[in-house]
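> Next comes the structure file my_file.cif, holding mmCIF, C-alpha atoms.
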```cif
data_work
#
loop_
_atom_site.label_atom_id
_atom_site.label_comp_id
_atom_site.auth_asym_id
_atom_site.auth_seq_id
_atom_site.Cartn_x
_atom_site.Cartn_y
_atom_site.Cartn_z
CA MET A 1 27.21 -16.36 20.92
CA PRO A 2 26.68 -14.96 17.38
CA SER A 3 24.47 -11.94 16.97
CA SER A 4 21.22 -11.97 15.00
CA ALA A 5 23.02 -10.24 12.14
CA ASP A 6 25.73 -12.92 12.15
CA ARG A 7 23.14 -15.69 12.09
CA TRP A 8 21.33 -13.99 9.19
CA ALA A 9 24.60 -13.58 7.25
CA ASP A 10 25.46 -17.26 7.83
CA ALA A 11 22.04 -18.33 6.59
CA ALA A 12 22.38 -16.15 3.51
CA THR A 13 25.55 -17.97 2.44
CA THR A 14 23.53 -21.18 2.00
CA LEU A 15 21.89 -19.71 -1.11
CA LEU A 16 23.78 -19.14 -4.37
CA ARG A 17 22.30 -17.31 -7.34
CA PHE A 18 24.12 -18.12 -10.56
CA ALA A 19 23.64 -17.74 -14.30
CA THR A 20 24.82 -19.75 -17.28
CA ALA A 21 25.89 -18.14 -20.54
CA GLY A 22 27.64 -19.12 -23.75
CA SER A 23 27.37 -19.22 -27.51
CA VAL A 24 24.61 -21.03 -29.36
CA ASP A 25 24.97 -24.83 -29.16
CA ASP A 26 27.71 -24.67 -26.55
CA GLY A 27 25.53 -26.86 -24.32
CA LYS A 28 24.21 -24.51 -21.63
CA SER A 29 20.82 -26.15 -21.31
CA THR A 30 22.39 -29.61 -21.41
CA LEU A 31 24.73 -28.61 -18.58
CA VAL A 32 21.83 -27.32 -16.51
CA GLY A 33 19.83 -30.46 -17.24
CA ARG A 34 22.80 -32.61 -16.26
CA LEU A 35 23.20 -30.68 -13.00
CA LEU A 36 19.54 -31.16 -12.16
CA HIS A 37 19.50 -34.82 -13.21
CA ASP A 38 22.72 -35.97 -11.57
CA SER A 39 22.03 -34.05 -8.34
CA LYS A 40 18.67 -35.86 -8.09
CA SER A 41 16.74 -32.60 -8.48
CA VAL A 42 14.41 -33.81 -11.24
CA LEU A 43 10.98 -35.19 -10.41
CA ALA A 44 9.98 -38.50 -11.97
CA ASP A 45 7.16 -36.98 -14.02
CA GLN A 46 9.51 -34.28 -15.37
CA LEU A 47 12.03 -36.88 -16.49
CA GLU A 48 9.24 -38.95 -18.04
CA ALA A 49 7.97 -35.94 -20.00
CA VAL A 50 11.48 -35.16 -21.26
CA THR A 51 12.02 -38.81 -22.23
CA HIS A 52 8.74 -38.81 -24.16
CA ALA A 53 9.59 -35.54 -25.94
CA SER A 54 13.06 -36.84 -26.81
CA ARG A 55 11.66 -40.04 -28.32
CA ALA A 56 9.22 -37.98 -30.38
CA ARG A 57 12.27 -36.25 -31.87
CA GLY A 58 13.92 -39.57 -32.68
CA GLN A 59 16.40 -39.58 -29.79
CA ASP A 60 17.11 -42.76 -27.84
CA ALA A 61 18.33 -41.08 -24.65
CA PRO A 62 16.56 -38.24 -22.79
CA ASP A 63 17.62 -34.80 -24.02
CA LEU A 64 18.38 -33.14 -20.69
CA ALA A 65 18.34 -29.70 -22.33
CA LEU A 66 14.56 -29.97 -22.44
CA LEU A 67 14.47 -29.66 -18.66
CA THR A 68 15.13 -25.93 -19.09
CA ASP A 69 14.05 -25.16 -22.66
CA GLY A 70 10.35 -25.05 -21.87
CA LEU A 71 8.99 -22.78 -24.62
CA ARG A 72 7.66 -24.50 -27.72
CA ALA A 73 9.83 -22.32 -29.97
CA GLU A 74 12.88 -23.29 -27.92
CA ARG A 75 12.18 -27.00 -28.30
CA GLU A 76 11.46 -26.71 -32.00
CA GLN A 77 14.64 -24.78 -32.76
CA GLY A 78 16.83 -26.43 -30.14
CA ILE A 79 17.87 -23.07 -28.70
CA THR A 80 17.28 -21.00 -25.58
CA ILE A 81 15.27 -17.81 -26.17
CA ASP A 82 14.17 -16.58 -22.77
CA VAL A 83 15.76 -16.76 -19.32
CA ALA A 84 14.75 -19.99 -17.59
CA TYR A 85 14.93 -19.98 -13.81
CA ARG A 86 15.37 -23.22 -11.92
CA TYR A 87 15.50 -23.88 -8.19
CA PHE A 88 17.31 -26.85 -6.72
CA ALA A 89 19.22 -27.81 -3.63
CA THR A 90 21.88 -30.19 -2.37
CA ALA A 91 22.80 -31.08 1.17
CA ARG A 92 25.33 -28.23 1.21
CA ARG A 93 23.58 -25.32 -0.50
CA ARG A 94 20.41 -24.03 -2.17
CA PHE A 95 20.56 -22.64 -5.71
CA ILE A 96 18.64 -20.26 -7.95
CA LEU A 97 19.83 -20.79 -11.51
CA ALA A 98 19.22 -18.56 -14.52
CA ASP A 99 19.79 -20.28 -17.87
CA THR A 100 20.31 -17.40 -20.31
CA PRO A 101 20.22 -17.36 -24.14
CA GLY A 102 23.37 -17.45 -26.25
CA HIS A 103 22.28 -15.50 -29.35
CA VAL A 104 23.65 -11.99 -29.79
CA GLN A 105 20.09 -10.66 -30.16
CA TYR A 106 19.26 -11.95 -26.68
CA THR A 107 22.07 -10.12 -24.87
CA ARG A 108 19.41 -8.19 -22.95
CA ASN A 109 18.10 -11.49 -21.60
CA MET A 110 21.53 -12.35 -20.27
CA VAL A 111 21.71 -8.97 -18.55
CA THR A 112 18.39 -9.75 -16.86
CA GLY A 113 19.52 -13.19 -15.72
CA ALA A 114 22.95 -12.09 -14.50
CA SER A 115 21.87 -8.86 -12.80
CA THR A 116 21.27 -10.66 -9.48
CA ALA A 117 23.81 -13.46 -9.95
CA GLU A 118 26.74 -14.01 -7.63
CA LEU A 119 28.40 -16.39 -10.07
CA ALA A 120 28.35 -16.82 -13.85
CA VAL A 121 29.15 -20.04 -15.69
CA VAL A 122 30.43 -19.19 -19.18
CA LEU A 123 30.50 -22.19 -21.51
CA VAL A 124 32.72 -22.64 -24.54
CA ASP A 125 32.78 -25.43 -27.09
CA ALA A 126 36.21 -27.03 -26.71
CA ARG A 127 36.34 -27.48 -30.50
CA ASN A 128 35.90 -23.74 -31.13
CA GLY A 129 37.61 -22.21 -28.10
CA VAL A 130 37.03 -18.61 -27.05
CA VAL A 131 34.83 -16.86 -29.63
CA GLU A 132 33.30 -13.37 -29.86
CA GLN A 133 30.21 -14.37 -27.90
CA THR A 134 32.42 -15.79 -25.14
CA ARG A 135 34.14 -12.43 -24.80
CA ARG A 136 30.77 -10.67 -24.94
CA HIS A 137 29.39 -12.73 -22.07
CA ALA A 138 32.55 -12.26 -20.00
CA ALA A 139 32.25 -8.52 -20.54
CA VAL A 140 28.60 -8.49 -19.48
CA ALA A 141 29.48 -10.45 -16.34
CA ALA A 142 32.21 -7.94 -15.54
CA LEU A 143 29.92 -5.01 -16.31
CA LEU A 144 27.31 -6.36 -13.89
CA ARG A 145 29.98 -6.92 -11.23
CA VAL A 146 29.38 -10.68 -10.98
CA PRO A 147 32.11 -11.61 -8.48
CA HIS A 148 32.79 -15.21 -9.52
CA VAL A 149 33.13 -16.48 -13.11
CA VAL A 150 33.49 -20.13 -14.09
CA LEU A 151 34.81 -21.09 -17.52
CA ALA A 152 33.29 -24.46 -18.45
CA ALA A 153 35.16 -25.91 -21.43
CA ASN A 154 32.38 -28.18 -22.70
CA LYS A 155 32.39 -31.07 -25.20
CA MET A 156 35.81 -32.26 -24.13
CA ASP A 157 34.75 -35.72 -25.34
CA LEU A 158 34.82 -34.34 -28.91
CA VAL A 159 38.49 -33.33 -28.60
CA ASP A 160 39.58 -36.64 -27.05
CA TYR A 161 39.82 -35.08 -23.58
CA GLN A 162 43.14 -33.44 -24.48
CA GLU A 163 44.68 -31.42 -21.67
CA SER A 164 46.48 -29.12 -24.10
CA VAL A 165 43.19 -28.02 -25.70
CA PHE A 166 41.73 -27.13 -22.29
CA ALA A 167 44.90 -25.37 -21.14
CA ALA A 168 44.95 -23.10 -24.21
CA ILE A 169 41.28 -22.15 -23.80
CA ALA A 170 41.66 -21.52 -20.07
CA ALA A 171 44.72 -19.31 -20.55
CA GLU A 172 43.08 -17.18 -23.26
CA PHE A 173 39.84 -16.68 -21.33
CA THR A 174 41.56 -15.98 -18.00
CA THR A 175 43.73 -13.31 -19.58
CA TYR A 176 40.72 -11.58 -21.16
CA ALA A 177 38.50 -11.74 -18.07
CA SER A 178 41.33 -10.51 -15.84
CA GLU A 179 41.76 -7.45 -18.08
CA LEU A 180 38.08 -6.70 -17.44
CA GLY A 181 38.73 -6.76 -13.69
CA VAL A 182 36.90 -9.99 -12.86
CA PRO A 183 38.27 -10.89 -9.41
CA GLU A 184 37.92 -14.68 -9.53
CA ILE A 185 38.02 -17.03 -12.54
CA THR A 186 37.83 -20.83 -12.32
CA ALA A 187 38.28 -23.06 -15.38
CA ILE A 188 36.77 -26.58 -15.46
CA PRO A 189 36.92 -29.09 -18.37
CA ILE A 190 33.57 -30.87 -18.79
CA SER A 191 31.32 -32.90 -21.05
CA ALA A 192 27.74 -32.01 -20.17
CA LEU A 193 26.37 -34.72 -22.46
CA ALA A 194 28.48 -37.50 -20.91
CA GLY A 195 28.48 -36.03 -17.40
CA ASP A 196 32.25 -35.58 -17.10
CA ASN A 197 33.18 -33.21 -14.22
CA VAL A 198 29.64 -31.87 -13.90
CA VAL A 199 28.54 -33.65 -10.73
CA GLU A 200 30.94 -36.60 -10.69
CA PRO A 201 34.70 -36.45 -11.42
CA SER A 202 35.70 -37.65 -14.87
CA ALA A 203 37.61 -40.88 -15.35
CA ASN A 204 38.61 -39.60 -18.79
CA MET A 205 40.50 -36.56 -17.50
CA ASP A 206 42.77 -37.84 -14.74
CA TRP A 207 45.11 -34.93 -15.54
CA TYR A 208 42.54 -32.51 -14.03
CA GLY A 209 42.69 -32.26 -10.25
CA GLY A 210 40.23 -29.43 -9.63
CA PRO A 211 36.59 -29.46 -8.50
CA THR A 212 33.59 -30.55 -10.51
CA VAL A 213 31.07 -27.87 -11.47
CA LEU A 214 28.70 -28.83 -8.66
CA GLU A 215 31.48 -29.06 -6.10
CA HIS A 216 32.63 -25.56 -7.01
CA LEU A 217 29.07 -24.24 -6.84
CA GLU A 218 28.66 -25.80 -3.40
CA THR A 219 31.91 -24.45 -1.98
CA VAL A 220 32.54 -21.08 -3.66
CA PRO A 221 32.58 -18.43 -0.91
CA VAL A 222 29.50 -16.22 -1.12
CA SER A 223 29.82 -13.94 1.87
CA HIS A 224 27.58 -11.11 0.76
CA ASP A 225 27.15 -9.56 4.17
CA LEU A 226 24.80 -6.71 3.32
CA THR A 227 25.07 -5.43 6.90
CA ALA A 228 28.57 -4.18 6.05
CA CYS A 229 27.33 -2.04 3.15
CA HIS A 230 26.18 1.58 3.22
CA ALA A 231 22.82 1.54 5.03
CA ARG A 232 19.93 2.45 2.74
CA PHE A 233 16.17 2.27 3.34
CA PRO A 234 13.85 3.22 0.45
CA VAL A 235 10.42 4.13 1.81
CA GLN A 236 7.70 2.07 0.17
CA TYR A 237 4.64 3.02 2.18
CA VAL A 238 3.64 5.41 4.97
CA ILE A 239 1.55 3.76 7.70
CA ARG A 240 -0.96 6.03 9.48
CA PRO A 241 -3.71 3.90 11.14
CA GLN A 242 -5.28 6.89 12.95
CA THR A 243 -7.29 4.54 15.11
CA ALA A 244 -8.25 4.83 18.75
CA GLU A 245 -5.56 2.29 19.60
CA HIS A 246 -2.87 4.02 17.50
CA PRO A 247 -3.95 7.67 17.18
CA ASP A 248 -0.46 9.10 16.57
CA TYR A 249 1.30 6.16 14.90
CA ARG A 250 3.40 7.18 11.90
CA GLY A 251 5.67 4.52 10.41
CA TYR A 252 7.68 4.24 7.22
CA ALA A 253 7.54 0.75 5.75
CA GLY A 254 9.83 -0.89 3.22
CA GLN A 255 12.68 -3.31 2.67
CA ILE A 256 16.16 -2.41 3.84
CA ALA A 257 18.24 -2.36 0.65
CA ALA A 258 21.62 -2.55 2.38
CA GLY A 259 23.30 -2.12 5.74
CA ALA A 260 21.72 -2.02 9.19
CA PHE A 261 19.61 0.50 11.13
CA ARG A 262 19.48 0.89 14.90
CA VAL A 263 17.15 2.57 17.36
CA GLY A 264 18.67 5.86 18.50
CA GLU A 265 20.58 6.39 15.23
CA GLU A 266 20.41 9.76 13.49
CA ILE A 267 19.24 9.50 9.90
CA THR A 268 18.89 11.85 6.96
CA VAL A 269 15.86 11.82 4.69
CA LEU A 270 16.71 12.16 1.01
CA PRO A 271 16.32 14.09 -1.19
CA SER A 272 14.99 16.70 1.29
CA GLY A 273 18.05 16.49 3.57
CA LYS A 274 15.99 16.70 6.77
CA LYS A 275 17.30 14.85 9.81
CA SER A 276 15.71 12.92 12.65
CA THR A 277 16.37 10.03 15.03
CA ILE A 278 15.03 6.48 14.87
CA THR A 279 12.78 5.91 17.88
CA ALA A 280 11.49 2.44 17.02
CA ILE A 281 11.80 -0.35 14.47
CA ASP A 282 8.91 -2.78 13.97
CA ALA A 283 9.60 -6.15 12.34
CA LEU A 284 7.03 -8.93 12.02
CA GLY A 285 4.77 -7.26 14.57
CA GLU A 286 7.49 -6.87 17.20
CA SER A 287 9.75 -4.01 18.23
CA VAL A 288 13.47 -4.62 17.66
CA ASP A 289 16.58 -2.60 18.39
CA ILE A 290 18.33 -3.36 15.10
CA ALA A 291 17.31 -4.44 11.60
CA TRP A 292 19.41 -5.28 8.57
CA ALA A 293 19.11 -6.01 4.85
CA PRO A 294 17.07 -7.52 3.34
CA GLN A 295 14.49 -7.41 6.16
CA SER A 296 11.15 -5.70 5.60
CA VAL A 297 10.44 -3.37 8.51
CA THR A 298 8.64 -0.24 9.64
CA ILE A 299 10.81 2.58 10.96
CA ARG A 300 9.47 5.30 13.28
CA LEU A 301 11.16 8.66 13.77
CA ALA A 302 11.28 11.24 16.53
CA ASP A 303 10.08 14.08 14.30
CA ASP A 304 7.05 14.50 12.06
CA ILE A 305 8.74 15.01 8.70
CA ASP A 306 7.11 15.11 5.29
CA ILE A 307 8.19 11.68 4.05
CA SER A 308 6.50 9.73 1.28
CA ARG A 309 7.06 6.75 -1.01
CA GLY A 310 10.33 7.11 -2.90
CA ASP A 311 12.23 8.93 -0.16
CA LEU A 312 15.41 7.31 1.10
CA LEU A 313 16.57 7.02 4.72
CA ALA A 314 20.32 6.81 5.36
CA PRO A 315 22.60 7.33 8.38
CA SER A 316 23.48 11.02 8.62
CA GLY A 317 27.19 10.22 8.66
CA ASP A 318 26.97 8.07 5.52
CA ALA A 319 24.30 9.64 3.36
CA PRO A 320 24.75 9.59 -0.44
CA ALA A 321 24.89 12.82 -2.39
CA THR A 322 21.82 13.78 -4.40
CA SER A 323 21.91 14.96 -7.98
CA GLN A 324 19.70 15.58 -10.97
CA ASP A 325 22.47 14.56 -13.38
CA VAL A 326 22.93 10.83 -13.79
CA GLU A 327 25.79 9.35 -15.80
CA ALA A 328 25.57 5.60 -16.23
CA THR A 329 26.04 2.53 -18.37
CA VAL A 330 22.78 1.12 -19.69
CA CYS A 331 21.72 -2.00 -21.53
CA HIS A 332 18.89 -1.18 -23.92
CA VAL A 333 16.22 -3.87 -23.66
CA ALA A 334 13.32 -2.46 -25.71
CA ASP A 335 12.68 -2.95 -29.42
CA GLN A 336 12.23 0.79 -29.90
CA PRO A 337 15.49 2.83 -29.82
CA LEU A 338 16.64 5.15 -27.05
CA THR A 339 17.48 8.56 -28.52
CA VAL A 340 19.04 11.83 -27.39
CA GLY A 341 16.33 14.23 -26.23
CA GLN A 342 13.89 11.44 -25.41
CA ARG A 343 11.67 11.97 -22.37
CA VAL A 344 11.58 8.98 -20.04
CA LEU A 345 10.76 7.94 -16.49
CA LEU A 346 13.64 6.89 -14.25
CA LYS A 347 12.79 4.33 -11.56
CA HIS A 348 15.31 4.03 -8.74
CA THR A 349 14.33 1.76 -5.81
CA THR A 350 10.82 2.97 -4.89
CA ARG A 351 11.18 6.40 -6.51
CA THR A 352 10.08 7.22 -10.06
CA VAL A 353 10.85 10.64 -11.57
CA LYS A 354 10.58 12.31 -14.96
CA ALA A 355 13.82 12.59 -16.91
CA ILE A 356 15.29 13.41 -20.30
CA VAL A 357 18.17 11.74 -22.12
CA LYS A 358 20.65 14.60 -22.55
CA GLU A 359 23.48 12.71 -24.22
CA ILE A 360 24.60 9.26 -25.39
CA PRO A 361 28.39 9.68 -25.32
CA SER A 362 29.27 6.21 -26.55
CA ARG A 363 28.13 2.71 -27.45
CA LEU A 364 30.22 -0.22 -26.27
CA THR A 365 31.43 -2.82 -28.75
CA LEU A 366 31.66 -5.87 -26.52
CA ASP A 367 33.71 -7.87 -29.03
CA ASP A 368 36.83 -5.77 -28.42
CA LEU A 369 35.58 -3.34 -25.70
CA SER A 370 36.03 -0.37 -28.00
CA GLN A 371 33.80 2.71 -27.68
CA HIS A 372 31.79 4.00 -30.63
CA PRO A 373 31.45 7.75 -29.90
CA ASN A 374 28.17 9.65 -30.10
CA PRO A 375 25.99 6.97 -31.71
CA GLY A 376 22.90 9.17 -31.36
CA GLN A 377 20.77 6.26 -30.22
CA LEU A 378 20.86 2.83 -28.65
CA VAL A 379 18.87 -0.07 -30.12
CA ALA A 380 17.86 -3.41 -28.65
CA ASN A 381 20.75 -5.23 -26.92
CA ASP A 382 23.09 -2.23 -27.20
CA ILE A 383 25.18 -1.28 -24.16
CA GLY A 384 26.30 2.31 -23.91
CA ARG A 385 26.95 5.33 -21.73
CA VAL A 386 24.15 7.83 -21.20
CA LYS A 387 23.72 11.15 -19.42
CA VAL A 388 20.25 11.74 -18.02
CA ARG A 389 18.79 14.86 -16.40
CA THR A 390 16.04 14.19 -13.87
CA ALA A 391 13.23 16.52 -12.82
CA GLU A 392 13.94 15.83 -9.14
CA PRO A 393 17.12 15.00 -7.22
CA LEU A 394 18.01 11.34 -6.77
CA ALA A 395 20.20 9.64 -4.18
CA LEU A 396 22.04 7.07 -6.28
CA ASP A 397 25.06 5.15 -5.11
CA ALA A 398 27.69 4.04 -7.60
CA TYR A 399 26.83 0.58 -8.93
CA ALA A 400 30.34 -0.53 -7.95
CA ASP A 401 29.40 0.20 -4.32
CA SER A 402 25.90 -1.24 -4.37
CA ARG A 403 24.15 -3.26 -7.04
CA ARG A 404 20.86 -2.53 -5.27
CA THR A 405 20.94 1.23 -4.91
CA GLY A 406 23.24 1.89 -7.87
CA SER A 407 20.86 0.43 -10.45
CA PHE A 408 17.80 1.90 -12.11
CA LEU A 409 15.36 1.50 -15.01
CA LEU A 410 14.45 3.87 -17.81
CA ILE A 411 10.75 3.56 -18.68
CA ASP A 412 8.59 4.80 -21.55
CA PRO A 413 6.09 7.22 -19.95
CA ALA A 414 3.55 6.52 -22.69
CA ASP A 415 2.99 2.81 -22.13
CA GLY A 416 5.21 1.78 -19.19
CA THR A 417 7.60 -0.28 -21.33
CA THR A 418 11.03 -0.82 -19.80
CA LEU A 419 13.54 0.80 -22.14
CA ALA A 420 16.89 0.25 -20.45
CA ALA A 421 18.54 -1.12 -17.33
CA GLY A 422 21.12 1.27 -15.90
CA MET A 423 24.20 1.06 -13.67
CA ALA A 424 25.32 4.36 -12.19
CA GLY A 425 28.95 5.42 -12.20
CA GLU A 426 31.91 3.79 -13.91
CA SER A 427 31.39 0.70 -16.05
CA PHE A 428 34.27 -1.78 -15.73
CA ALA A 429 36.62 -2.15 -12.79
CA SER A 430 40.26 -2.00 -13.75
CA ALA A 431 42.31 -5.15 -13.35
CA LYS A 432 45.01 -3.09 -11.61
CA ALA A 433 42.53 -1.87 -8.99
CA VAL A 434 41.33 -5.40 -8.26
CA ALA A 435 44.88 -6.73 -8.09
CA ALA A 436 45.88 -3.93 -5.75
CA GLY A 437 43.00 -4.73 -3.43
CA ASP A 438 41.05 -1.52 -3.96
CA ASP A 439 37.98 -3.74 -4.29
CA GLU A 440 39.09 -6.17 -1.62
CA ASP A 441 35.66 -7.70 -1.06
CA GLY A 442 35.66 -9.09 -4.60
CA TRP A 443 32.51 -7.19 -5.54
CA ASP A 444 30.59 -8.96 -2.76
CA PHE A 445 27.78 -6.52 -2.18
#
```
Once you've parsed the file, please lay out its structure as structure tokens.


Amino acid sequence: MPSSADRWADAATTLLRFATAGSVDDGKSTLVGRLLHDSKSVLADQLEAVTHASRARGQDAPDLALLTDGLRAEREQGITIDVAYRYFATARRRFILADTPGHVQYTRNMVTGASTAELAVVLVDARNGVVEQTRRHAAVAALLRVPHVVLAANKMDLVDYQESVFAAIAAEFTTYASELGVPEITAIPISALAGDNVVEPSANMDWYGGPTVLEHLETVPVSHDLTACHARFPVQYVIRPQTAEHPDYRGYAGQIAAGAFRVGEEITVLPSGKKSTITAIDALGESVDIAWAPQSVTIRLADDIDISRGDLLAPSGDAPATSQDVEATVCHVADQPLTVGQRVLLKHTTRTVKAIVKEIPSRLTLDDLSQHPNPGQLVANDIGRVKVRTAEPLALDAYADSRRTGSFLLIDPADGTTLAAGMAGESFASAKAVAAGDDEDGWDF
């Protein structure tokens, strides 16, 4: 009989988070609209509203892109500006979809949408092939450790459904993405406007024997078993009722970020380094012997230790090192620049500390992956390496090991504006390491 952890892991595989990306006018929103429409995930009133809006623009058929482009500015310009999230389901799987913008100036929006994605669909216009923005989006997907990438060669109807055109695009993109270390790349020829190979197989491309986009989304293995990761529990709140019924109750509440915790296990409190033993775990009002990510629980310890919000509990045999020096890759998301010497707040899980930007060693040019040394500052949509010194020690994992405890935010202390999203440790995985199996789980964390 499967354990509770096994049942939870099995249930988790029924949900897929994915993001779409591509250059302007490559058809991202049309693809998303086609997915929603052909999978019967559009309500009648939604379709009626889209049909009415399309007629007002002089179009005979419903413009399915309007199902995701909800902002007035998006509809007027026919582009995607902000990340649009959509939720839909089929008989085989549930989906959370992030439709991200294609403009270079909205790279930060793509980072937001892809940061929690387990799969990225990168569209290209079959007439144009792989362009700079295609390479940029592939690089961002690799940087964010998105484990599965789909190349959707769209508008195949405009190139007469030629197999040779698709083959050339697929070969070029696969070579580039493999060099970035992306572990799995799937290429699919489609026409989002006509519906070819989106939900139903195309009668116009009998030379293609692979899955449709929806079939791949439904069957791609997403075995993110967080119980196998390094166990981490950021403390969110300290519970002290001090009532007659619970005079001595002291519990540490929060959401398990990764791994599993068991009663009787020795843990280390970070950054203090003090140790204790778990005496009880409370989940949904009941005591349990084991809890795993992403459950929200209250953990009780054998010793009265000074623990507060922002502290991290980890197994004593697998505790991360603490440091006040953070080296990371960041995507700058604010309109104001990030400069050397700037004082910021660094938010990691539930802990926020004062920090200063000591150095910006390089800015990444995503077009060719070259490094521009010592730029002095990062502006909106820039991606670069930074070195930050914090006022207090932090227990960061490498982002390659954990997207949850290896990520952080840099915040403006004056007004609370988010300045940058950071990923601790190395940026890209090497293709050689992935091929050799050093990252054998395919970035599933």

> Write out as a list in words which residues come within 10 Å of Ser23 (chain A) when counting all atoms listed in the file, dropping same-chain ones fewer than 4 positions away.

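Counting only the stated atoms, we get Gly27, Lys28, Pro101, Gly102, His103, Val104, Val122, Leu123, Val124, Asp125, Val130, Val131, Glu132, Gln133, Thr134, Arg135, Arg136 and His137 of chain A.
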
> Using the selection just defined, write its residues with C-alpha atoms as a PDB file, in the coordinates of the input.


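This is the output file selection_25.pdb:
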```pdb
ATOM      1  CA  GLY A  27      25.530 -26.860 -24.320  1.00  0.00           C
ATOM      2  CA  LYS A  28      24.210 -24.510 -21.630  1.00  0.00           C
ATOM      3  CA  PRO A 101      20.220 -17.360 -24.140  1.00  0.00           C
ATOM      4  CA  GLY A 102      23.370 -17.450 -26.250  1.00  0.00           C
ATOM      5  CA  HIS A 103      22.280 -15.500 -29.350  1.00  0.00           C
ATOM      6  CA  VAL A 104      23.650 -11.990 -29.790  1.00  0.00           C
ATOM      7  CA  VAL A 122      30.430 -19.190 -19.180  1.00  0.00           C
ATOM      8  CA  LEU A 123      30.500 -22.190 -21.510  1.00  0.00           C
ATOM      9  CA  VAL A 124      32.720 -22.640 -24.540  1.00  0.00           C
ATOM     10  CA  ASP A 125      32.780 -25.430 -27.090  1.00  0.00           C
ATOM     11  CA  VAL A 130      37.030 -18.610 -27.050  1.00  0.00           C
ATOM     12  CA  VAL A 131      34.830 -16.860 -29.630  1.00  0.00           C
ATOM     13  CA  GLU A 132      33.300 -13.370 -29.860  1.00  0.00           C
ATOM     14  CA  GLN A 133      30.210 -14.370 -27.900  1.00  0.00           C
ATOM     15  CA  THR A 134      32.420 -15.790 -25.140  1.00  0.00           C
ATOM     16  CA  ARG A 135      34.140 -12.430 -24.800  1.00  0.00           C
ATOM     17  CA  ARG A 136      30.770 -10.670 -24.940  1.00  0.00           C
ATOM     18  CA  HIS A 137      29.390 -12.730 -22.070  1.00  0.00           C
TER      19      HIS A 137
END
```

> Could you spell out the hits of the PyMOL selection byres ((chain A and resi 309-319) around 6) on the shown file, as a PyMOL selection string?

chain A and resi 231-237+266-270+308+320+350-351

> I need the output of the PyMOL selection byres ((chain A and resi 154) around 6) for this file as a ChimeraX atom specification; which residues are they?

/A:124-126,152-153,155-156,190-191

> Can you write just those residues out, C-alpha atoms, as a PDB file, keeping the file's coordinate frame?


```pdb
ATOM      1  CA  VAL A 124      32.720 -22.640 -24.540  1.00  0.00           C
ATOM      2  CA  ASP A 125      32.780 -25.430 -27.090  1.00  0.00           C
ATOM      3  CA  ALA A 126      36.210 -27.030 -26.710  1.00  0.00           C
ATOM      4  CA  ALA A 152      33.290 -24.460 -18.450  1.00  0.00           C
ATOM      5  CA  ALA A 153      35.160 -25.910 -21.430  1.00  0.00           C
ATOM      6  CA  LYS A 155      32.390 -31.070 -25.200  1.00  0.00           C
ATOM      7  CA  MET A 156      35.810 -32.260 -24.130  1.00  0.00           C
ATOM      8  CA  ILE A 190      33.570 -30.870 -18.790  1.00  0.00           C
ATOM      9  CA  SER A 191      31.320 -32.900 -21.050  1.00  0.00           C
TER      10      SER A 191
END
```

> Within 8 Å of Ala302 (chain A), counting only C-alpha atoms, which residues qualify if same-chain residues fewer than 6 places away don't, as a list in words?

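Those residues are Ser276, Thr277, Ile278 and Thr279 of chain A.
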
> Write a file of the selected residues as a PDB file, in the frame of the given file, keeping C-alpha atoms.


```
ATOM      1  CA  SER A 276      15.710  12.920  12.650  1.00  0.00           C
ATOM      2  CA  THR A 277      16.370  10.030  15.030  1.00  0.00           C
ATOM      3  CA  ILE A 278      15.030   6.480  14.870  1.00  0.00           C
ATOM      4  CA  THR A 279      12.780   5.910  17.880  1.00  0.00           C
TER       5      THR A 279
END
```

> With only C-alpha atoms as the atoms that count, which of A:Val146, A:Leu369, A:Ile96, A:Val357 lies nearest to Val386 (chain A)?

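Between A:Val146, A:Leu369, A:Ile96, A:Val357, the residue approaching Val386 (chain A) most closely is A:Val357.
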
> What's around Thr14 (chain A) at 8 Å? Count all atoms listed in the file, leave out sequence neighbours fewer than 5 positions away in its own chain, and write the answer as a list in words.

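Counting all atoms listed in the file, the residues come to Arg92, Arg93 and Arg94 of chain A.
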
> With C-alpha atoms retained, export the selected residues as an mmCIF file, in the coordinates of the input.


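Below is the file result-v2.cif, written as the result:
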```
data_model
loop_
_atom_site.group_PDB
_atom_site.id
_atom_site.type_symbol
_atom_site.label_atom_id
_atom_site.label_comp_id
_atom_site.auth_asym_id
_atom_site.auth_seq_id
_atom_site.Cartn_x
_atom_site.Cartn_y
_atom_site.Cartn_z
ATOM 1 C CA ARG A 92 25.330 -28.230 1.210
ATOM 2 C CA ARG A 93 23.580 -25.320 -0.500
ATOM 3 C CA ARG A 94 20.410 -24.030 -2.170
#
```

> Which residues are near Ala398 (chain A)? Cut-off 8 Å, all atoms listed in the file, ignore same chain within fewer than 2 positions. Put them as number ranges by chain.

A: 396, 400-402, 405-406, 423-426

> Counting only C-alpha atoms, figure out which residue out of A:Leu15, A:Ala280, A:Ala293, A:Val288 gets nearest to Ala91 (chain A).

A:Leu15
